[in-house]
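Asker: Below is one structure. I have some questions about it.
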Amino acid sequence: MTEDDIKAIAKAAYTSRDKAFVLSLYESGCRIEEILPLRMKHLSFDRLGATLMVRGKKGERRIRLVASVLTLQKWKEDHPSKNDPESFLWCKIPLPNNPKWENNFLSYGFISRLLKELAEKAGVKKAVNPHAFRHSRATFMARHLKEPEMREFFGWDKDSDMPATYVHLSGRDIDNSVMRIYGYKDASKSQEPVIKTWNCHLISTVNYLIFLCGPGSNILSPVPVLPFRAHQIPYLRRGKEFKYNKQQKQDKQIKSRRRKAFAQRNKSSNQRRNHRSDNPGCMHERPFFGGGLHVGEVINLQCWFNPRRTIL
């Protein structure tokens, strides 16, 4: 499977648990028996992303996760026992009508059926099973990691020939040799991951899916990440949200000036309307019939003129 297939399967996921599991299963490259029994205490987050402590054939090893961090955070928030460090990370989701919920991890059969169902929904016609994710990840990482690094990442023994097998499948050495003939230094640099993240220099952390910088940073979104500029997107710093959008600032300034001008016009209009109240000769202050006006007296015509009001 390619990373495009992984993205399509993750987009077809129903819940935050399924989406986080699909991305974590691929990015970690774990064996299915290593990732299923994980507990909440085995998952931790830091400034660079997340880490998983898994126990495999060689013992415990630490795996760095980057692209699947926010899906893991979302699932951790939705987890039914998120405050219990001993609860299983990949557990069943309790149903509203089922009060007898138990915190048990998912079975291999359930995961196999789930992945096949999501692949069918996403239109992926390749053979999809839990081990295919590990195989695809190893084939991809063989282009970027050395053999000792691959043994450490995937939990292989020091004498294992699996790294050499995947390097052979990836064709890394042959591609580099052929490309050097034609003047290219390294062919592996052109093999960039499809599932990307963006290192945000504004908050000094890795920007993952959608939480910090809008839909463009979502790996499941067709909108690319790089065209978004720092001043065009909202971001978080020191617990407060700042919006650096120059166009929005200009619009706010224009609207503020318009509001002030409108208020000034209303104030002037109200002053003109109330001029008759301030003028002592205005009929608004004097009664119509017999209340101080005498025959032949001329009132101040600068006040507002009402044709129904006559000069006596």
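We name chains A, B, ... following the order of the structure tokens; residues begin at 1 in each chain, and ligands are numbered from 1 as shown.
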Pick out the residues sitting within 9 Å of range 7-24 of chain A, and hand them over as a ChimeraX atom specification; count only C-alpha atoms, and ignore anything fewer than 3 positions along from it in its own chain.

Answerer: /A:2-4,27-30,35,65,67-76,78-79,90-91,93,114-115,118-124,133,194-195,219-221

Asker: Save out the residues we just selected, N, CA and C atoms, as a compact mmCIF listing (two decimals), in the first residue's frame.

Answerer:
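Just written: again-v3.txt:
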```txt
# COMPACT_ATOMS: atom_id res chain seq x y z
N THR A 2 0.38 2.29 -0.63
CA THR A 2 1.07 3.57 -0.64
C THR A 2 0.50 4.47 0.45
N GLU A 3 1.16 5.61 0.65
CA GLU A 3 0.65 6.55 1.65
C GLU A 3 -0.67 7.17 1.21
N ASP A 4 -0.91 7.26 -0.08
CA ASP A 4 -2.21 7.73 -0.55
C ASP A 4 -3.32 6.76 -0.13
N GLU A 27 2.28 4.64 10.89
CA GLU A 27 3.46 5.45 11.20
C GLU A 27 4.41 4.74 12.16
N SER A 28 3.88 4.01 13.11
CA SER A 28 4.74 3.32 14.07
C SER A 28 5.40 2.09 13.47
N GLY A 29 4.75 1.47 12.48
CA GLY A 29 5.30 0.25 11.92
C GLY A 29 5.29 -0.91 12.89
N CYS A 30 4.42 -0.86 13.89
CA CYS A 30 4.39 -1.91 14.92
C CYS A 30 3.75 -3.19 14.40
N ILE A 35 0.92 -3.29 19.25
CA ILE A 35 0.16 -2.05 19.39
C ILE A 35 -1.20 -2.26 20.07
N LEU A 65 6.27 9.40 17.01
CA LEU A 65 5.16 9.65 16.08
C LEU A 65 5.06 11.15 15.83
N ALA A 67 3.11 12.48 12.42
CA ALA A 67 1.95 12.80 11.58
C ALA A 67 0.62 12.43 12.22
N SER A 68 0.62 11.50 13.14
CA SER A 68 -0.64 11.03 13.73
C SER A 68 -0.90 11.61 15.12
N VAL A 69 -0.20 12.68 15.48
CA VAL A 69 -0.27 13.18 16.85
C VAL A 69 -1.65 13.72 17.19
N LEU A 70 -2.20 14.57 16.35
CA LEU A 70 -3.48 15.20 16.69
C LEU A 70 -4.64 14.21 16.66
N THR A 71 -4.56 13.22 15.82
CA THR A 71 -5.59 12.19 15.87
C THR A 71 -5.51 11.41 17.18
N LEU A 72 -4.29 11.21 17.68
CA LEU A 72 -4.14 10.57 18.98
C LEU A 72 -4.65 11.46 20.11
N GLN A 73 -4.38 12.75 20.02
CA GLN A 73 -4.89 13.67 21.04
C GLN A 73 -6.42 13.70 21.04
N LYS A 74 -7.00 13.69 19.85
CA LYS A 74 -8.46 13.70 19.76
C LYS A 74 -9.04 12.41 20.36
N TRP A 75 -8.42 11.28 20.06
CA TRP A 75 -8.93 10.03 20.62
C TRP A 75 -8.70 9.98 22.14
N LYS A 76 -7.60 10.55 22.61
CA LYS A 76 -7.37 10.59 24.06
C LYS A 76 -8.44 11.41 24.77
N ASP A 78 -11.52 11.74 23.67
CA ASP A 78 -12.78 10.99 23.55
C ASP A 78 -12.74 9.64 24.26
N HIS A 79 -11.60 9.26 24.78
CA HIS A 79 -11.46 7.94 25.41
C HIS A 79 -12.39 7.83 26.61
N TRP A 90 -6.49 1.17 22.99
CA TRP A 90 -7.41 0.83 21.89
C TRP A 90 -8.50 -0.08 22.46
N CYS A 91 -9.51 0.55 23.00
CA CYS A 91 -10.58 -0.19 23.67
C CYS A 91 -11.87 -0.06 22.86
N ILE A 93 -15.68 1.12 22.21
CA ILE A 93 -16.43 2.34 22.50
C ILE A 93 -17.76 1.95 23.13
N LEU A 114 -12.35 -4.43 10.45
CA LEU A 114 -12.47 -2.98 10.37
C LEU A 114 -11.63 -2.42 9.23
N LEU A 115 -10.39 -2.88 9.11
CA LEU A 115 -9.51 -2.37 8.05
C LEU A 115 -10.03 -2.74 6.67
N LEU A 118 -13.03 -0.42 5.95
CA LEU A 118 -12.61 0.95 5.63
C LEU A 118 -11.94 1.01 4.26
N ALA A 119 -11.14 -0.01 3.92
CA ALA A 119 -10.50 -0.03 2.61
C ALA A 119 -11.53 -0.15 1.49
N GLU A 120 -12.55 -0.96 1.71
CA GLU A 120 -13.61 -1.08 0.71
C GLU A 120 -14.37 0.24 0.56
N LYS A 121 -14.61 0.91 1.68
CA LYS A 121 -15.29 2.20 1.63
C LYS A 121 -14.44 3.26 0.94
N ALA A 122 -13.11 3.21 1.13
CA ALA A 122 -12.21 4.18 0.52
C ALA A 122 -11.87 3.86 -0.92
N GLY A 123 -12.26 2.70 -1.41
CA GLY A 123 -11.96 2.32 -2.79
C GLY A 123 -10.57 1.75 -2.98
N VAL A 124 -9.92 1.29 -1.91
CA VAL A 124 -8.60 0.67 -2.00
C VAL A 124 -8.80 -0.82 -2.30
N PHE A 133 0.30 -2.85 6.79
CA PHE A 133 0.71 -1.51 7.21
C PHE A 133 2.19 -1.50 7.61
N VAL A 194 4.05 11.52 1.62
CA VAL A 194 2.79 12.15 1.25
C VAL A 194 2.10 12.72 2.48
N ILE A 195 2.20 11.99 3.60
CA ILE A 195 1.63 12.46 4.86
C ILE A 195 2.63 13.42 5.48
N ILE A 219 -3.70 16.55 7.13
CA ILE A 219 -3.16 15.61 6.15
C ILE A 219 -4.28 14.93 5.39
N LEU A 220 -5.49 14.96 5.92
CA LEU A 220 -6.61 14.34 5.24
C LEU A 220 -7.33 15.33 4.34
N SER A 221 -6.83 16.55 4.27
CA SER A 221 -7.45 17.59 3.46
C SER A 221 -6.68 17.74 2.16
```

Asker: Using DSSP secondary structure from the backbone, list all strand (DSSP E or B) positions within range 29-166 of chain A, as an MDAnalysis selection string.

Answerer: chainID A and resid 39 43:46 49:56 59:65 88 91 105

Asker: Range 16-112 of chain A: which residues are helix (DSSP H, G or I) by DSSP, as a ChimeraX atom specification?

Answerer: /A:16-28,32-35,40-42,69-78,108-112

Asker: Just the residues within 8 Å of range 154-169 of chain A, please, counting only C-alpha atoms, with nothing from its chain fewer than 5 positions along; format it as a ChimeraX atom specification.

Answerer: /A:29-30,56-58,61,138-139,142-143,147-148

Asker: What is the CA of His135 in chain A to CA of Ser112 in chain A distance in Å?

Answerer: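 For CA of His135 in chain A relative to CA of Ser112 in chain A, the distance reads 15.4 Å.
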
Asker: Select, from A:Arg64, A:Arg55, A:Arg134, A:Arg39, the residue with the minimum atom-to-atom distance to Asn103 in chain A, counting only C-alpha atoms.

Answerer: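 Among the listed residues, the smallest separation from Asn103 in chain A belongs to A:Arg39.
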
Asker: Taking 5 positions as the minimum chain separation for residues in the same chain, which residues sit within 7 Å of Ile63 in chain A when counting only C-alpha atoms? Answer as a count of residues only.

Answerer: 5

Asker: Go through A:Met141, A:Ala132, A:Ile32, A:Val66 one by one, measure the shortest atom-to-atom distance of each to Val54 in chain A using only C-alpha atoms, and give the residue with the smallest value.

Answerer: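 Comparing A:Met141, A:Ala132, A:Ile32, A:Val66 against Val54 in chain A, the winner is A:Ile32.
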
Asker: How many Å separate CA of Ile6 in chain A from CA of Tyr26 in chain A?

Answerer: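 Between these atoms lies a distance of 7.7 Å.
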